[in-house]
Amino acid sequence: MAQHNLTYVQEIPVSIDAAWAFFSSPSNLARITPPEMMFSITSGEVEQGIHPGMIIAYTLYPFMMIPVRWETEILTVRKPSFFEDIQKSGPYEYWHHQHHFREIQNGVEMTDILNYSLPMSFFGELVNTLIVSRRLEEVFNYRKQKIEEIFKL
């Protein structure tokens with residue numbers, strides 16, 4: 001099981017409280033996910049703020065209109081600077097996503113750190129090389145663009 005690590009950093013000209021309010025709200029995930037993925041939350045307390053132990057279930061279509069059900073759990077919350085989630089069930093063998101927020105001059109530096117691995121050993125690595133790693137890059141590039149639009153960068 002090879003583990004893959006990706007880091008994405010973006011500066012946003014808002015207060016740390018505004019960044020936290022937006023990114024810690026699960027209902028905003030659909031706004032920053034490519035529309036062709038048809039991301040929808042299927043269960044969870046999404047109107048409430050995130051908290052440790054919170055479970056959120058989703059359905060999305062990441063590739064060729066094949067639906068994927070995904071369930072994540074919020075592990076740690078340190079408002080307004082950090083939260084992390086893991087996959088409880090879904091397409092990955094392992095998924096751990098850290099969300100860091102740090103005040104900088106004129107705004108916030110947001111850092112996403114992903115650690116993931118795919119099931120099925122060699123075949124999973126082939127799928128990662130051909131599809132998954134590229135799709136994750138596309139998703140995070142889209143997110144960067146949408147965040148720029150939302151926060152008028």
# chains A, B, ... in the order shown; residues from 1 in each chain; ligands from 1
$ closest_atom_pairs --of "segment 29-62 of chain A" --to "segment 71-85 of chain A" --cutoff "7 Å" --atoms "only C-alpha atoms" --output "JSON lines"
{"residue": "A:His51", "atom": "CA", "partner": "A:Val77", "partner_atom": "CA", "distance": 6.1}
{"residue": "A:Pro52", "atom": "CA", "partner": "A:Leu75", "partner_atom": "CA", "distance": 4.9}
{"residue": "A:Gly53", "atom": "CA", "partner": "A:Ile74", "partner_atom": "CA", "distance": 5.4}
{"residue": "A:Met54", "atom": "CA", "partner": "A:Ile74", "partner_atom": "CA", "distance": 5.2}
{"residue": "A:Ile55", "atom": "CA", "partner": "A:Glu73", "partner_atom": "CA", "distance": 4.5}
{"residue": "A:Ile56", "atom": "CA", "partner": "A:Thr72", "partner_atom": "CA", "distance": 5.4}
{"residue": "A:Ala57", "atom": "CA", "partner": "A:Glu71", "partner_atom": "CA", "distance": 4.2}
{"residue": "A:Tyr58", "atom": "CA", "partner": "A:Glu71", "partner_atom": "CA", "distance": 6.2}
$ select_by_dssp --residues "segment 42-78 of chain A" --states "strand (DSSP E)" --output "JSON, numbers by chain"
{"A": [42, 43, 55, 56, 57, 58, 59, 60, 61, 62, 63, 66, 67, 68, 69, 70, 71, 72, 73, 74, 75, 76, 77, 78]}
$ write_last_selection --atoms "N, CA and C atoms" --output "CSV table (one decimal), in the first residue's frame"
chain,number,residue,atom,x,y,z
A,42,THR,N,-25.3,13.4,1.8
A,42,THR,CA,-26.5,12.5,2.0
A,42,THR,C,-26.9,12.3,3.4
A,43,SER,N,-25.9,12.6,4.4
A,43,SER,CA,-26.3,12.6,5.8
A,43,SER,C,-25.2,13.3,6.6
A,55,ILE,N,-19.7,12.8,11.7
A,55,ILE,CA,-19.7,11.9,10.5
A,55,ILE,C,-20.5,12.6,9.4
A,56,ILE,N,-19.9,12.6,8.2
A,56,ILE,CA,-20.6,13.2,7.0
A,56,ILE,C,-20.5,12.2,5.9
A,57,ALA,N,-21.7,11.9,5.3
A,57,ALA,CA,-21.8,11.0,4.1
A,57,ALA,C,-22.0,11.8,2.9
A,58,TYR,N,-21.4,11.4,1.8
A,58,TYR,CA,-21.5,12.1,0.5
A,58,TYR,C,-21.8,11.1,-0.6
A,59,THR,N,-22.3,11.6,-1.7
A,59,THR,CA,-22.2,10.8,-3.0
A,59,THR,C,-21.7,11.8,-4.0
A,60,LEU,N,-20.8,11.3,-4.8
A,60,LEU,CA,-20.2,12.1,-5.9
A,60,LEU,C,-19.9,11.1,-7.1
A,61,TYR,N,-19.6,11.8,-8.2
A,61,TYR,CA,-19.3,11.1,-9.4
A,61,TYR,C,-18.0,11.5,-10.0
A,62,PRO,N,-16.9,11.0,-9.4
A,62,PRO,CA,-15.6,11.5,-9.8
A,62,PRO,C,-15.1,11.1,-11.2
A,63,PHE,N,-15.6,10.0,-11.7
A,63,PHE,CA,-15.1,9.5,-13.0
A,63,PHE,C,-16.1,8.7,-13.8
A,66,ILE,N,-19.7,7.3,-12.6
A,66,ILE,CA,-19.8,6.1,-11.7
A,66,ILE,C,-20.0,6.7,-10.3
A,67,PRO,N,-21.1,6.4,-9.6
A,67,PRO,CA,-21.3,7.0,-8.3
A,67,PRO,C,-20.4,6.4,-7.2
A,68,VAL,N,-19.9,7.3,-6.3
A,68,VAL,CA,-19.1,6.8,-5.2
A,68,VAL,C,-19.7,7.3,-4.0
A,69,ARG,N,-19.9,6.4,-3.0
A,69,ARG,CA,-20.4,6.8,-1.7
A,69,ARG,C,-19.2,7.0,-0.8
A,70,TRP,N,-19.2,8.0,0.0
A,70,TRP,CA,-18.0,8.3,0.8
A,70,TRP,C,-18.5,8.8,2.2
A,71,GLU,N,-17.8,8.3,3.2
A,71,GLU,CA,-18.2,8.8,4.6
A,71,GLU,C,-16.9,9.2,5.3
A,72,THR,N,-16.9,10.4,5.8
A,72,THR,CA,-15.8,10.9,6.5
A,72,THR,C,-16.1,11.2,8.0
A,73,GLU,N,-15.1,11.2,8.8
A,73,GLU,CA,-15.2,11.6,10.2
A,73,GLU,C,-14.3,12.7,10.5
A,74,ILE,N,-14.8,13.8,11.2
A,74,ILE,CA,-13.9,14.8,11.7
A,74,ILE,C,-13.2,14.3,12.9
A,75,LEU,N,-11.9,14.3,12.9
A,75,LEU,CA,-11.1,13.8,14.0
A,75,LEU,C,-10.8,14.9,15.0
A,76,THR,N,-10.2,16.0,14.6
A,76,THR,CA,-9.7,17.1,15.4
A,76,THR,C,-10.2,18.4,14.9
A,77,VAL,N,-10.6,19.3,15.9
A,77,VAL,CA,-11.0,20.7,15.5
A,77,VAL,C,-10.3,21.6,16.5
A,78,ARG,N,-9.5,22.5,16.0
A,78,ARG,CA,-8.9,23.6,16.8
A,78,ARG,C,-9.2,24.9,16.1
$ select_by_dssp --residues "segment 8-140 of chain A" --states "alpha helix (DSSP H)" --output "ChimeraX atom specification"
/A:16-23,121-127,133-140
$ residues_around --residues "His97 of chain A" --least-positions-apart "2" --cutoff "9 Å" --atoms "only C-alpha atoms" --output "compact mmCIF listing (two decimals) with N, CA and C atoms, in the first residue's frame"
# COMPACT_ATOMS: atom_id res chain seq x y z
N PHE A 83 -8.44 21.74 11.31
CA PHE A 83 -9.29 20.56 11.50
C PHE A 83 -8.81 19.48 10.56
N GLU A 84 -9.16 18.26 10.90
CA GLU A 84 -8.74 17.13 10.07
C GLU A 84 -9.86 16.11 9.97
N ASP A 85 -9.88 15.43 8.83
CA ASP A 85 -10.88 14.39 8.62
C ASP A 85 -10.20 13.15 8.04
N ILE A 86 -10.87 12.02 8.26
CA ILE A 86 -10.43 10.75 7.69
C ILE A 86 -11.61 10.10 6.97
N GLN A 87 -11.31 9.21 6.08
CA GLN A 87 -12.36 8.43 5.43
C GLN A 87 -12.75 7.28 6.35
N TRP A 95 -7.39 7.61 3.77
CA TRP A 95 -7.56 9.02 3.41
C TRP A 95 -7.48 9.83 4.69
N HIS A 99 -6.58 20.44 7.32
CA HIS A 99 -6.93 21.79 6.87
C HIS A 99 -6.29 22.76 7.86
N ASP A 112 -3.90 22.72 2.63
CA ASP A 112 -4.52 21.39 2.65
C ASP A 112 -3.41 20.37 2.51
N ILE A 113 -3.39 19.39 3.40
CA ILE A 113 -2.42 18.30 3.32
C ILE A 113 -3.21 17.01 3.21
N LEU A 114 -3.01 16.30 2.12
CA LEU A 114 -3.69 15.02 1.88
C LEU A 114 -2.69 13.88 1.96
N ASN A 115 -3.08 12.85 2.64
CA ASN A 115 -2.34 11.59 2.64
C ASN A 115 -3.36 10.52 2.27
N TYR A 116 -3.06 9.75 1.23
CA TYR A 116 -4.02 8.74 0.81
C TYR A 116 -3.29 7.54 0.19
$ residues_around --residues "Glu148 of chain A" --least-positions-apart "6" --cutoff "12 Å" --atoms "only C-alpha atoms" --output "MDAnalysis selection string"
chainID A and resid 10:14 32 141:142
$ write_last_selection --atoms "N, CA and C atoms" --output "PDB file, in the first residue's frame"
ATOM      1  N   GLN A  10      -2.920  28.175  -0.418  1.00  0.00           N
ATOM      2  CA  GLN A  10      -3.572  29.308  -1.067  1.00  0.00           C
ATOM      3  C   GLN A  10      -3.697  30.447  -0.071  1.00  0.00           C
ATOM      4  N   GLU A  11      -3.409  31.662  -0.533  1.00  0.00           N
ATOM      5  CA  GLU A  11      -3.602  32.849   0.297  1.00  0.00           C
ATOM      6  C   GLU A  11      -4.952  33.464  -0.038  1.00  0.00           C
ATOM      7  N   ILE A  12      -5.675  33.842   1.011  1.00  0.00           N
ATOM      8  CA  ILE A  12      -7.017  34.388   0.854  1.00  0.00           C
ATOM      9  C   ILE A  12      -7.082  35.701   1.640  1.00  0.00           C
ATOM     10  N   PRO A  13      -7.527  36.788   1.015  1.00  0.00           N
ATOM     11  CA  PRO A  13      -7.544  38.084   1.708  1.00  0.00           C
ATOM     12  C   PRO A  13      -8.783  38.275   2.587  1.00  0.00           C
ATOM     13  N   VAL A  14      -8.917  37.421   3.580  1.00  0.00           N
ATOM     14  CA  VAL A  14     -10.028  37.521   4.537  1.00  0.00           C
ATOM     15  C   VAL A  14      -9.468  37.277   5.929  1.00  0.00           C
ATOM     16  N   ILE A  32     -17.290  24.347  -3.864  1.00  0.00           N
ATOM     17  CA  ILE A  32     -15.898  24.339  -4.304  1.00  0.00           C
ATOM     18  C   ILE A  32     -15.488  22.998  -4.929  1.00  0.00           C
ATOM     19  N   ASN A 141      -7.314  22.380  -8.205  1.00  0.00           N
ATOM     20  CA  ASN A 141      -7.198  23.548  -9.081  1.00  0.00           C
ATOM     21  C   ASN A 141      -8.547  24.249  -9.217  1.00  0.00           C
ATOM     22  N   TYR A 142      -9.612  23.456  -9.347  1.00  0.00           N
ATOM     23  CA  TYR A 142     -10.955  24.026  -9.410  1.00  0.00           C
ATOM     24  C   TYR A 142     -11.272  24.754  -8.100  1.00  0.00           C
TER      25      TYR A 142
END
$ residues_around --residues "Asn128 of chain A" --least-positions-apart "5" --cutoff "12 Å" --atoms "only C-alpha atoms" --output "MDAnalysis selection string"
chainID A and resid 1:4 91:93 116:123 133:137
$ decode --residues "segment 75-101 of chain A" --atoms "N, CA and C atoms" --output "mmCIF file, in the first residue's frame"
data_model
loop_
_atom_site.group_PDB
_atom_site.id
_atom_site.type_symbol
_atom_site.label_atom_id
_atom_site.label_comp_id
_atom_site.auth_asym_id
_atom_site.auth_seq_id
_atom_site.Cartn_x
_atom_site.Cartn_y
_atom_site.Cartn_z
ATOM 1 N N LEU A 75 -11.890 14.334 12.885
ATOM 2 C CA LEU A 75 -11.108 13.831 14.022
ATOM 3 C C LEU A 75 -10.795 14.914 15.045
ATOM 4 N N THR A 76 -10.244 16.014 14.565
ATOM 5 C CA THR A 76 -9.739 17.067 15.445
ATOM 6 C C THR A 76 -10.233 18.417 14.942
ATOM 7 N N VAL A 77 -10.591 19.281 15.864
ATOM 8 C CA VAL A 77 -10.987 20.652 15.528
ATOM 9 C C VAL A 77 -10.279 21.585 16.508
ATOM 10 N N ARG A 78 -9.490 22.509 15.969
ATOM 11 C CA ARG A 78 -8.862 23.565 16.772
ATOM 12 C C ARG A 78 -9.201 24.903 16.108
ATOM 13 N N LYS A 79 -10.376 25.396 16.455
ATOM 14 C CA LYS A 79 -10.874 26.644 15.872
ATOM 15 C C LYS A 79 -9.973 27.799 16.268
ATOM 16 N N PRO A 80 -9.586 28.662 15.379
ATOM 17 C CA PRO A 80 -9.872 28.771 13.954
ATOM 18 C C PRO A 80 -8.713 28.324 13.065
ATOM 19 N N SER A 81 -7.837 27.459 13.584
ATOM 20 C CA SER A 81 -6.598 27.207 12.851
ATOM 21 C C SER A 81 -6.451 25.824 12.213
ATOM 22 N N PHE A 82 -7.280 24.844 12.611
ATOM 23 C CA PHE A 82 -6.998 23.493 12.125
ATOM 24 C C PHE A 82 -8.197 22.574 12.313
ATOM 25 N N PHE A 83 -8.440 21.736 11.310
ATOM 26 C CA PHE A 83 -9.286 20.562 11.501
ATOM 27 C C PHE A 83 -8.809 19.479 10.555
ATOM 28 N N GLU A 84 -9.159 18.258 10.900
ATOM 29 C CA GLU A 84 -8.738 17.128 10.069
ATOM 30 C C GLU A 84 -9.864 16.115 9.971
ATOM 31 N N ASP A 85 -9.878 15.434 8.825
ATOM 32 C CA ASP A 85 -10.875 14.388 8.618
ATOM 33 C C ASP A 85 -10.203 13.147 8.041
ATOM 34 N N ILE A 86 -10.867 12.018 8.260
ATOM 35 C CA ILE A 86 -10.431 10.746 7.688
ATOM 36 C C ILE A 86 -11.615 10.100 6.974
ATOM 37 N N GLN A 87 -11.306 9.212 6.081
ATOM 38 C CA GLN A 87 -12.359 8.432 5.433
ATOM 39 C C GLN A 87 -12.749 7.280 6.347
ATOM 40 N N LYS A 88 -14.036 7.155 6.603
ATOM 41 C CA LYS A 88 -14.564 5.993 7.336
ATOM 42 C C LYS A 88 -14.890 4.868 6.362
ATOM 43 N N SER A 89 -15.472 5.231 5.223
ATOM 44 C CA SER A 89 -15.737 4.259 4.152
ATOM 45 C C SER A 89 -15.726 5.026 2.843
ATOM 46 N N GLY A 90 -15.306 4.348 1.791
ATOM 47 C CA GLY A 90 -15.250 5.003 0.497
ATOM 48 C C GLY A 90 -14.216 4.377 -0.412
ATOM 49 N N PRO A 91 -13.769 5.130 -1.399
ATOM 50 C CA PRO A 91 -12.942 4.560 -2.458
ATOM 51 C C PRO A 91 -11.478 4.343 -2.102
ATOM 52 N N TYR A 92 -11.001 4.946 -1.037
ATOM 53 C CA TYR A 92 -9.588 4.875 -0.694
ATOM 54 C C TYR A 92 -9.328 3.784 0.341
ATOM 55 N N GLU A 93 -8.140 3.245 0.297
ATOM 56 C CA GLU A 93 -7.673 2.358 1.361
ATOM 57 C C GLU A 93 -7.446 3.196 2.628
ATOM 58 N N TYR A 94 -6.910 4.400 2.395
ATOM 59 C CA TYR A 94 -6.603 5.328 3.489
ATOM 60 C C TYR A 94 -6.769 6.745 2.963
ATOM 61 N N TRP A 95 -7.387 7.615 3.766
ATOM 62 C CA TRP A 95 -7.559 9.021 3.415
ATOM 63 C C TRP A 95 -7.482 9.834 4.687
ATOM 64 N N HIS A 96 -6.568 10.785 4.723
ATOM 65 C CA HIS A 96 -6.420 11.684 5.857
ATOM 66 C C HIS A 96 -6.199 13.072 5.283
ATOM 67 N N HIS A 97 -7.057 14.030 5.666
ATOM 68 C CA HIS A 97 -7.030 15.383 5.102
ATOM 69 C C HIS A 97 -6.926 16.381 6.235
ATOM 70 N N GLN A 98 -5.846 17.151 6.229
ATOM 71 C CA GLN A 98 -5.635 18.212 7.209
ATOM 72 C C GLN A 98 -5.940 19.558 6.554
ATOM 73 N N HIS A 99 -6.582 20.441 7.321
ATOM 74 C CA HIS A 99 -6.926 21.789 6.868
ATOM 75 C C HIS A 99 -6.287 22.764 7.859
ATOM 76 N N HIS A 100 -5.305 23.525 7.398
ATOM 77 C CA HIS A 100 -4.599 24.475 8.252
ATOM 78 C C HIS A 100 -4.919 25.906 7.811
ATOM 79 N N PHE A 101 -5.099 26.795 8.788
ATOM 80 C CA PHE A 101 -5.369 28.207 8.528
ATOM 81 C C PHE A 101 -4.421 29.020 9.398
#
